[in-house]
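Data block for protein.csv (CSV, C-alpha atoms):
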chain,number,residue,atom,x,y,z
A,1,MET,CA,-33.0,-22.7,-81.3
A,2,LYS,CA,-34.6,-21.2,-78.2
A,3,ALA,CA,-32.2,-20.9,-75.3
A,4,ALA,CA,-31.4,-19.0,-72.0
A,5,ILE,CA,-28.5,-16.8,-73.0
A,6,VAL,CA,-26.0,-15.1,-70.7
A,7,LYS,CA,-24.7,-12.2,-72.8
A,8,GLU,CA,-22.1,-10.7,-70.4
A,9,LYS,CA,-20.3,-11.8,-67.3
A,10,GLY,CA,-22.3,-11.3,-64.1
A,11,THR,CA,-25.6,-11.0,-65.8
A,12,PHE,CA,-28.7,-13.2,-65.6
A,13,PRO,CA,-29.8,-15.2,-68.7
A,14,VAL,CA,-32.5,-14.0,-71.1
A,15,ILE,CA,-34.5,-16.0,-73.6
A,16,GLY,CA,-33.4,-15.7,-77.2
A,17,GLU,CA,-32.3,-17.5,-80.3
A,18,PHE,CA,-29.0,-19.3,-80.3
A,19,ALA,CA,-27.3,-21.2,-83.2
A,20,SER,CA,-28.0,-24.9,-82.9
A,21,PRO,CA,-25.0,-27.1,-82.1
A,22,VAL,CA,-23.4,-29.3,-84.8
A,23,ALA,CA,-22.0,-32.6,-83.6
A,24,ALA,CA,-18.2,-33.0,-83.6
A,25,GLU,CA,-15.9,-35.9,-83.1
A,26,GLY,CA,-16.2,-37.3,-79.6
A,27,GLN,CA,-19.4,-35.2,-78.9
A,28,VAL,CA,-23.1,-36.1,-79.0
A,29,LEU,CA,-26.1,-34.0,-79.6
A,30,VAL,CA,-28.7,-34.0,-76.8
A,31,ASN,CA,-32.4,-33.0,-77.1
A,32,VAL,CA,-32.8,-31.4,-73.6
A,33,MET,CA,-35.8,-32.3,-71.5
A,34,ALA,CA,-35.0,-30.7,-68.1
A,35,ALA,CA,-32.3,-28.8,-66.3
A,36,GLY,CA,-31.9,-28.2,-62.6
A,37,LEU,CA,-30.7,-24.8,-61.2
A,38,SER,CA,-28.1,-25.5,-58.7
A,39,ARG,CA,-25.8,-22.8,-57.1
A,40,LEU,CA,-23.0,-24.2,-59.3
A,41,SER,CA,-25.1,-23.9,-62.5
A,42,LYS,CA,-26.0,-20.3,-61.8
A,43,PHE,CA,-22.6,-19.0,-60.8
A,44,ARG,CA,-20.7,-20.9,-63.5
A,45,SER,CA,-23.1,-19.7,-66.1
A,46,MET,CA,-22.6,-16.1,-65.1
A,47,GLY,CA,-18.8,-16.4,-65.1
A,48,LEU,CA,-18.6,-16.1,-61.3
A,49,HIS,CA,-17.2,-19.6,-60.5
A,50,TYR,CA,-13.6,-20.6,-60.6
A,51,SER,CA,-14.4,-23.2,-63.3
A,52,SER,CA,-16.4,-20.7,-65.5
A,53,GLU,CA,-15.9,-20.2,-69.2
A,54,SER,CA,-14.6,-16.7,-70.1
A,55,THR,CA,-16.2,-16.2,-73.5
A,56,PHE,CA,-19.7,-14.7,-73.8
A,57,PRO,CA,-22.4,-14.9,-75.0
A,58,LEU,CA,-23.1,-18.5,-73.9
A,59,VAL,CA,-26.1,-20.8,-73.1
A,60,ALA,CA,-26.6,-21.1,-69.3
A,61,GLY,CA,-26.8,-24.4,-67.4
A,62,VAL,CA,-24.2,-27.0,-66.5
A,63,ASP,CA,-26.1,-30.2,-66.5
A,64,GLY,CA,-29.5,-31.8,-67.3
A,65,VAL,CA,-31.5,-34.6,-68.7
A,66,GLY,CA,-32.3,-35.3,-72.3
A,67,THR,CA,-32.5,-37.9,-75.1
A,68,LEU,CA,-30.0,-39.0,-77.7
A,69,GLU,CA,-30.7,-39.6,-81.4
A,70,ASP,CA,-31.8,-43.2,-80.6
A,71,GLY,CA,-34.3,-42.0,-78.0
A,72,SER,CA,-32.4,-43.2,-75.0
A,73,ARG,CA,-32.8,-41.0,-71.9
A,74,ILE,CA,-29.5,-39.7,-70.4
A,75,TYR,CA,-28.1,-37.4,-67.8
A,76,PHE,CA,-25.4,-35.1,-69.1
A,77,ALA,CA,-22.9,-32.7,-67.5
A,78,LEU,CA,-20.6,-29.9,-68.6
A,79,PRO,CA,-21.8,-29.2,-72.2
A,80,THR,CA,-19.2,-28.1,-74.7
A,81,ALA,CA,-18.9,-24.2,-74.6
A,82,PRO,CA,-20.7,-22.1,-75.6
A,83,TYR,CA,-23.6,-24.5,-75.2
A,84,GLY,CA,-25.4,-25.2,-71.9
A,85,SER,CA,-28.3,-27.2,-70.6
A,86,LEU,CA,-30.9,-24.5,-70.8
A,87,ALA,CA,-31.7,-24.8,-74.5
A,88,GLU,CA,-33.6,-27.0,-76.8
A,89,GLN,CA,-30.4,-28.8,-77.8
A,90,THR,CA,-26.9,-29.0,-76.5
A,91,MET,CA,-23.6,-30.8,-77.2
A,92,VAL,CA,-21.6,-32.8,-74.7
A,93,SER,CA,-18.7,-35.1,-74.6
A,94,GLU,CA,-19.7,-38.7,-74.9
A,95,LYS,CA,-17.7,-39.4,-71.8
A,96,VAL,CA,-19.9,-37.4,-69.5
A,97,ILE,CA,-23.3,-38.9,-70.2
A,98,ILE,CA,-25.2,-41.5,-68.1
A,99,ARG,CA,-28.2,-43.6,-69.2
A,100,LEU,CA,-31.0,-43.2,-66.7
A,101,PRO,CA,-32.6,-46.1,-65.0
A,102,ASP,CA,-36.3,-46.6,-65.5
A,103,GLY,CA,-37.2,-45.8,-61.9
A,104,ILE,CA,-36.3,-42.1,-62.1
A,105,ASP,CA,-38.2,-39.4,-63.9
A,106,ASP,CA,-36.6,-36.5,-65.8
A,107,VAL,CA,-37.3,-33.8,-63.3
A,108,THR,CA,-36.0,-35.7,-60.3
A,109,ALA,CA,-32.8,-36.7,-62.2
A,110,ALA,CA,-32.2,-33.2,-63.3
A,111,ALA,CA,-32.7,-31.8,-59.8
A,112,ILE,CA,-30.9,-34.3,-57.6
A,113,ALA,CA,-27.7,-35.1,-59.6
A,114,ASN,CA,-25.6,-32.1,-58.7
A,115,PRO,CA,-26.3,-31.7,-55.0
A,116,ALA,CA,-26.3,-35.5,-54.4
A,117,MET,CA,-23.1,-36.3,-56.3
A,118,SER,CA,-21.2,-33.8,-54.2
A,119,SER,CA,-22.2,-35.6,-51.0
A,120,TRP,CA,-21.6,-39.1,-52.4
A,121,ALA,CA,-18.2,-38.2,-53.9
A,122,ALA,CA,-17.1,-36.5,-50.7
A,123,LEU,CA,-18.0,-39.5,-48.6
A,124,LYS,CA,-16.7,-42.2,-50.9
A,125,PHE,CA,-13.6,-40.6,-52.6
A,126,ARG,CA,-12.4,-38.0,-50.2
A,127,ALA,CA,-13.5,-39.2,-46.7
A,128,HIS,CA,-13.2,-42.9,-47.7
A,129,PHE,CA,-16.3,-43.6,-45.7
A,130,LYS,CA,-16.9,-47.1,-44.2
A,131,SER,CA,-20.1,-48.5,-42.9
A,132,GLY,CA,-20.6,-48.0,-39.2
A,133,GLN,CA,-18.8,-44.7,-39.0
A,134,THR,CA,-20.2,-41.5,-37.4
A,135,VAL,CA,-20.7,-38.5,-39.7
A,136,LEU,CA,-21.3,-34.9,-38.8
A,137,ILE,CA,-22.8,-32.7,-41.5
A,138,ASN,CA,-22.3,-28.9,-41.1
A,139,GLY,CA,-24.8,-26.9,-43.1
A,140,ALA,CA,-27.3,-29.8,-43.3
A,141,THR,CA,-30.3,-27.6,-44.0
A,142,GLY,CA,-29.2,-26.8,-47.5
A,143,SER,CA,-30.1,-28.9,-50.5
A,144,SER,CA,-26.7,-30.8,-50.6
A,145,GLY,CA,-26.5,-31.1,-46.8
A,146,SER,CA,-30.0,-32.5,-46.4
A,147,LEU,CA,-29.3,-35.0,-49.2
A,148,ALA,CA,-26.0,-35.9,-47.5
A,149,VAL,CA,-28.1,-37.0,-44.4
A,150,GLN,CA,-30.0,-39.5,-46.6
A,151,ILE,CA,-26.9,-40.7,-48.4
A,152,ALA,CA,-24.9,-41.2,-45.3
A,153,LYS,CA,-27.7,-43.3,-43.8
A,154,SER,CA,-28.1,-45.3,-47.0
A,155,MET,CA,-24.4,-46.0,-47.0
A,156,GLY,CA,-24.5,-47.5,-43.5
A,157,ALA,CA,-23.6,-44.6,-41.2
A,158,LYS,CA,-23.8,-45.6,-37.5
A,159,LYS,CA,-24.8,-42.1,-36.5
A,160,VAL,CA,-25.5,-38.9,-38.4
A,161,ILE,CA,-25.2,-35.5,-36.5
A,162,VAL,CA,-26.5,-32.4,-38.2
A,163,THR,CA,-25.5,-28.8,-37.5
A,164,GLY,CA,-26.8,-25.5,-39.0
A,165,ARG,CA,-28.4,-22.2,-38.4
A,166,ASN,CA,-32.1,-23.2,-38.6
A,167,GLU,CA,-33.2,-25.3,-35.7
A,168,SER,CA,-36.6,-26.2,-37.1
A,169,LYS,CA,-35.1,-27.4,-40.4
A,170,LEU,CA,-32.5,-29.4,-38.6
A,171,GLN,CA,-35.2,-31.1,-36.5
A,172,ALA,CA,-37.1,-32.0,-39.7
A,173,LEU,CA,-34.1,-34.0,-41.0
A,174,GLU,CA,-33.9,-37.7,-40.2
A,175,ALA,CA,-30.7,-37.4,-38.3
A,176,ASP,CA,-29.7,-38.9,-34.9
A,177,GLN,CA,-28.7,-35.6,-33.3
A,178,GLU,CA,-29.1,-31.9,-34.1
A,179,ILE,CA,-27.1,-28.9,-32.9
A,180,ALA,CA,-28.2,-25.4,-34.0
A,181,PHE,CA,-25.9,-22.3,-33.7
A,182,ASP,CA,-26.0,-18.6,-34.3
A,183,MET,CA,-22.8,-16.9,-35.2
A,184,THR,CA,-24.4,-13.4,-35.2
A,185,VAL,CA,-24.7,-13.3,-31.4
A,186,GLU,CA,-21.9,-12.5,-29.0
A,187,ASN,CA,-19.7,-15.5,-28.4
A,188,GLY,CA,-21.7,-17.5,-30.9
A,189,GLY,CA,-18.7,-19.5,-32.0
A,190,GLN,CA,-17.7,-20.4,-28.5
A,191,SER,CA,-21.3,-21.4,-27.6
A,192,PHE,CA,-21.4,-23.7,-30.7
A,193,GLU,CA,-18.0,-25.2,-29.7
A,194,ASN,CA,-19.3,-25.9,-26.2
A,195,ALA,CA,-22.4,-27.6,-27.5
A,196,LEU,CA,-20.2,-29.8,-29.7
A,197,GLN,CA,-18.0,-31.0,-26.9
A,198,PRO,CA,-20.1,-34.0,-25.6
A,199,VAL,CA,-20.9,-35.0,-29.2
A,200,ILE,CA,-17.2,-34.9,-30.3
A,201,ALA,CA,-16.2,-36.8,-27.1
A,202,GLU,CA,-18.3,-39.8,-28.3
A,203,GLY,CA,-16.3,-39.8,-31.5
A,204,VAL,CA,-16.8,-38.4,-35.0
A,205,ASP,CA,-15.1,-40.1,-38.0
A,206,ILE,CA,-16.1,-37.7,-40.8
A,207,VAL,CA,-17.2,-34.1,-41.0
A,208,LEU,CA,-18.8,-32.9,-44.2
A,209,ASP,CA,-18.7,-29.1,-44.2
A,210,TYR,CA,-20.8,-27.1,-46.6
A,211,LEU,CA,-20.4,-23.7,-44.7
A,212,TRP,CA,-16.8,-23.1,-43.9
A,213,GLY,CA,-16.3,-19.9,-41.9
A,214,GLU,CA,-16.6,-19.6,-38.1
A,215,SER,CA,-18.6,-22.8,-37.7
A,216,ALA,CA,-15.9,-24.8,-39.3
A,217,ILE,CA,-13.3,-23.3,-36.9
A,218,ALA,CA,-15.6,-24.2,-33.9
A,219,ILE,CA,-15.9,-27.8,-35.1
A,220,MET,CA,-12.2,-28.3,-35.6
A,221,SER,CA,-11.4,-26.6,-32.3
A,222,ALA,CA,-13.8,-28.9,-30.5
A,223,ILE,CA,-12.2,-31.9,-32.1
A,224,ALA,CA,-8.7,-30.7,-31.1
A,225,LYS,CA,-9.8,-30.2,-27.5
A,226,ASN,CA,-11.1,-33.8,-27.4
A,227,SER,CA,-7.9,-35.3,-28.9
A,228,THR,CA,-8.0,-39.1,-29.0
A,229,ASP,CA,-6.5,-41.8,-31.1
A,230,ARG,CA,-9.5,-41.6,-33.4
A,231,ALA,CA,-8.8,-39.7,-36.6
A,232,THR,CA,-11.4,-37.3,-38.0
A,233,ARG,CA,-11.4,-36.5,-41.7
A,234,PHE,CA,-12.8,-33.0,-42.2
A,235,VAL,CA,-14.0,-32.5,-45.8
A,236,SER,CA,-14.6,-29.0,-47.0
A,237,ILE,CA,-17.3,-29.0,-49.7
A,238,GLY,CA,-18.6,-25.4,-49.9
A,239,THR,CA,-18.5,-21.9,-48.5
A,240,SER,CA,-22.2,-21.2,-48.0
A,241,ALA,CA,-21.5,-19.1,-44.9
A,242,GLY,CA,-19.9,-16.5,-47.2
A,243,GLN,CA,-16.4,-16.7,-45.8
A,244,GLU,CA,-13.9,-17.9,-48.4
A,245,ASN,CA,-10.9,-17.3,-46.1
A,246,ILE,CA,-10.6,-18.2,-42.4
A,247,GLU,CA,-7.9,-17.9,-39.8
A,248,LEU,CA,-7.0,-21.5,-38.9
A,249,PRO,CA,-4.5,-21.7,-36.0
A,250,SER,CA,-1.7,-24.2,-36.7
A,251,SER,CA,-2.1,-25.6,-33.2
A,252,ILE,CA,-5.5,-27.1,-34.1
A,253,LEU,CA,-4.0,-29.3,-36.7
A,254,ARG,CA,-0.8,-30.0,-34.7
A,255,SER,CA,-2.7,-31.0,-31.5
A,256,SER,CA,-5.2,-33.3,-33.2
A,257,LYS,CA,-5.7,-36.1,-35.7
A,258,ILE,CA,-7.8,-33.9,-38.0
A,259,GLU,CA,-7.2,-34.7,-41.7
A,260,LEU,CA,-8.3,-31.7,-43.6
A,261,VAL,CA,-9.2,-32.2,-47.3
A,262,GLY,CA,-11.5,-30.6,-49.9
A,263,SER,CA,-14.0,-32.1,-52.3
A,264,GLY,CA,-15.0,-30.7,-55.6
A,265,GLY,CA,-13.3,-29.3,-58.8
A,266,GLU,CA,-10.1,-31.1,-59.4
A,267,SER,CA,-9.9,-32.9,-56.1
A,268,VAL,CA,-12.5,-35.4,-57.5
A,269,SER,CA,-11.9,-36.6,-61.0
A,270,LYS,CA,-14.6,-36.4,-63.7
A,271,LEU,CA,-14.8,-40.2,-63.8
A,272,GLU,CA,-15.3,-40.3,-60.0
A,273,MET,CA,-18.1,-37.7,-60.3
A,274,ILE,CA,-19.8,-39.7,-63.1
A,275,SER,CA,-19.5,-42.8,-60.9
A,276,SER,CA,-21.1,-40.9,-58.1
A,277,VAL,CA,-24.1,-39.8,-60.2
A,278,LYS,CA,-24.7,-43.4,-61.3
A,279,ASP,CA,-24.8,-44.5,-57.7
A,280,VAL,CA,-27.1,-41.7,-56.7
A,281,PHE,CA,-29.5,-42.5,-59.5
A,282,GLU,CA,-29.7,-46.1,-58.3
A,283,LEU,CA,-30.5,-44.9,-54.8
A,284,VAL,CA,-33.3,-42.7,-56.2
A,285,ALA,CA,-34.7,-45.6,-58.4
A,286,GLU,CA,-34.7,-47.8,-55.2
A,287,GLY,CA,-36.6,-45.1,-53.3
A,288,LYS,CA,-33.8,-44.6,-50.8
A,289,ILE,CA,-33.3,-40.8,-51.4
A,290,ASN,CA,-35.6,-38.1,-52.7
A,291,MET,CA,-35.7,-34.3,-53.3
A,292,ALA,CA,-38.5,-31.8,-53.5
A,293,THR,CA,-38.7,-29.8,-56.8
A,294,THR,CA,-40.5,-26.9,-58.4
A,295,GLU,CA,-41.0,-26.9,-62.2
A,296,PHE,CA,-40.7,-23.9,-64.5
A,297,SER,CA,-40.8,-23.5,-68.3
A,298,LEU,CA,-37.9,-22.1,-70.3
A,299,GLU,CA,-39.9,-18.9,-70.9
A,300,ASP,CA,-40.0,-18.4,-67.1
A,301,ILE,CA,-36.2,-18.4,-66.8
A,302,GLU,CA,-36.1,-15.1,-64.8
A,303,GLU,CA,-38.5,-16.5,-62.2
A,304,ALA,CA,-36.7,-19.8,-62.1
A,305,TRP,CA,-33.3,-18.1,-61.7
A,306,ASN,CA,-34.5,-16.1,-58.8
A,307,ALA,CA,-36.3,-19.1,-57.1
A,308,PRO,CA,-34.9,-20.5,-53.8
A,309,LEU,CA,-32.5,-23.5,-54.0
A,310,MET,CA,-35.0,-25.5,-52.0
A,311,PRO,CA,-37.2,-26.9,-53.3
A,312,ARG,CA,-35.0,-27.3,-56.3
A,313,ALA,CA,-36.0,-25.3,-59.3
A,314,VAL,CA,-36.1,-27.4,-62.5
A,315,VAL,CA,-36.6,-25.9,-66.0
A,316,LYS,CA,-38.6,-28.2,-68.3
A,317,ILE,CA,-37.5,-27.7,-71.9
A,318,LYS,CA,-39.8,-30.2,-73.5
Would you write the structure of this file as structure tokens?
Amino acid sequence: MKAAIVKEKGTFPVIGEFASPVAAEGQVLVNVMAAGLSRLSKFRSMGLHYSSESTFPLVAGVDGVGTLEDGSRIYFALPTAPYGSLAEQTMVSEKVIIRLPDGIDDVTAAAIANPAMSSWAALKFRAHFKSGQTVLINGATGSSGSLAVQIAKSMGAKKVIVTGRNESKLQALEADQEIAFDMTVENGGQSFENALQPVIAEGVDIVLDYLWGESAIAIMSAIAKNSTDRATRFVSIGTSAGQENIELPSSILRSSKIELVGSGGESVSKLEMISSVKDVFELVAEGKINMATTEFSLEDIEEAWNAPLMPRAVVKIK
């Protein structure tokens, strides 16, 4: 079968022929229709993510949309190695497939599942969000962050505050308040912390952080300096700022009611993630959230792989 194959760790996929999967017990064969290219999909496929497989060659892609033998449309995730979603067929556990509602097309489902489920899972299972709460989204201009704005609103957030490095993109989001920052300038972190003070003083229940790094420190420091009886759950979802490790003073946690948790990997179970995808698809079908996409063919995998994350690149297989 035709597939996008990663031959060695750290390399981009190339088009080639790969042996077709043969169904095993507990597994189902999927005729792939479309696969979205998220950051997770790219890094995991190349062996550069903590959850990556270690045996090469393999077929790239961590999730997608396809049909089963009976013709039913499904979303699937985490195909059984060495198979991935960027091929004419793949094999997945029957426990990680979701039948698609009629109101969502293949391309949208393939594009939106990964970035949207991270936001939904973080809010529901890690932040324990309740309608009427205030949510601050750090790194809201990325694909997951911008969807988080829509999802928080749809879940009943009283107020959504967005922060990030691109002021014009922040203003384009349907948020209640925007705060831009620039960590590359002198005292950029302190300037951001100062801008946050009046916002934090009004109360923030949940922080969804996609950046980590200096901006995360500034947010936690602002919360600590406005210590009240109101607890703030700070949920770390990603490290898009490029800083995996930060220096977090113990005093910030000891002098505040910050509850620091992570979301992703093993902190959210597969069943919870699948539940999140189902809820996301219902929101899409109801027209409550959406995502811009760009379509590519499997033969154009190199161009698709190098395309920006927004609008989301989706590879159509059939």
>> When you count all atoms listed in the file, which of these residues is closest to Gln27 of chain A: A:Pro249, A:Pro79, A:Pro198, A:Pro101?
In response: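 Result for the nearest residue to Gln27 of chain A: A:Pro79.
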>> If I take atom CA of Asp105 of chain A and atom CA of Ser143 of chain A, how far is one from the other in Å, to one decimal?
In response: 18.9 Å
> From the list A:Ala175, A:Ala3, A:Ile104, A:Met46, which residue is nearest Pro21 of chain A when using only C-alpha atoms?
Replying inline: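 The shortest atom-to-atom distance to Pro21 of chain A comes from A:Ala3.
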>> Counting all atoms listed in the file, which residues have an atom no more than 9 Å from (-21.7, -38.7, -59.0) in the file's coordinates? Please list them as a PyMOL selection string.
In response: chain A and resi 113-114+116-121+270-281
> Separation of atom CA of Gly10 of chain A and atom CA of Phe43 of chain A, in Å?
Replying inline: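 Between atom CA of Gly10 of chain A and atom CA of Phe43 of chain A the gap works out to 8.4 Å.
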For the interface of segment 4-38 of chain A with segment 55-69 of chain A (cut-off 9 Å, counting only C-alpha atoms), please tabulate each contacting residue of segment 4-38 of chain A alongside its nearest pair of atoms and their separation in Å to one decimal, rows sorted by chain and increasing number, as JSON lines.
{"residue": "A:Ala4", "atom": "CA", "partner": "A:Val59", "partner_atom": "CA", "distance": 5.7}
{"residue": "A:Ile5", "atom": "CA", "partner": "A:Val59", "partner_atom": "CA", "distance": 4.7}
{"residue": "A:Val6", "atom": "CA", "partner": "A:Leu58", "partner_atom": "CA", "distance": 5.5}
{"residue": "A:Lys7", "atom": "CA", "partner": "A:Pro57", "partner_atom": "CA", "distance": 4.2}
{"residue": "A:Glu8", "atom": "CA", "partner": "A:Phe56", "partner_atom": "CA", "distance": 5.8}
{"residue": "A:Lys9", "atom": "CA", "partner": "A:Phe56", "partner_atom": "CA", "distance": 7.1}
{"residue": "A:Phe12", "atom": "CA", "partner": "A:Ala60", "partner_atom": "CA", "distance": 9.0}
{"residue": "A:Pro13", "atom": "CA", "partner": "A:Ala60", "partner_atom": "CA", "distance": 6.7}
{"residue": "A:Phe18", "atom": "CA", "partner": "A:Val59", "partner_atom": "CA", "distance": 7.9}
{"residue": "A:Val28", "atom": "CA", "partner": "A:Leu68", "partner_atom": "CA", "distance": 7.6}
{"residue": "A:Leu29", "atom": "CA", "partner": "A:Leu68", "partner_atom": "CA", "distance": 6.6}
{"residue": "A:Val30", "atom": "CA", "partner": "A:Leu68", "partner_atom": "CA", "distance": 5.2}
{"residue": "A:Asn31", "atom": "CA", "partner": "A:Thr67", "partner_atom": "CA", "distance": 5.3}
{"residue": "A:Val32", "atom": "CA", "partner": "A:Gly66", "partner_atom": "CA", "distance": 4.1}
{"residue": "A:Met33", "atom": "CA", "partner": "A:Gly66", "partner_atom": "CA", "distance": 4.7}
{"residue": "A:Ala34", "atom": "CA", "partner": "A:Val65", "partner_atom": "CA", "distance": 5.3}
{"residue": "A:Ala35", "atom": "CA", "partner": "A:Gly64", "partner_atom": "CA", "distance": 4.2}
{"residue": "A:Gly36", "atom": "CA", "partner": "A:Gly64", "partner_atom": "CA", "distance": 6.4}
{"residue": "A:Leu37", "atom": "CA", "partner": "A:Gly61", "partner_atom": "CA", "distance": 7.3}
{"residue": "A:Ser38", "atom": "CA", "partner": "A:Val62", "partner_atom": "CA", "distance": 8.8}
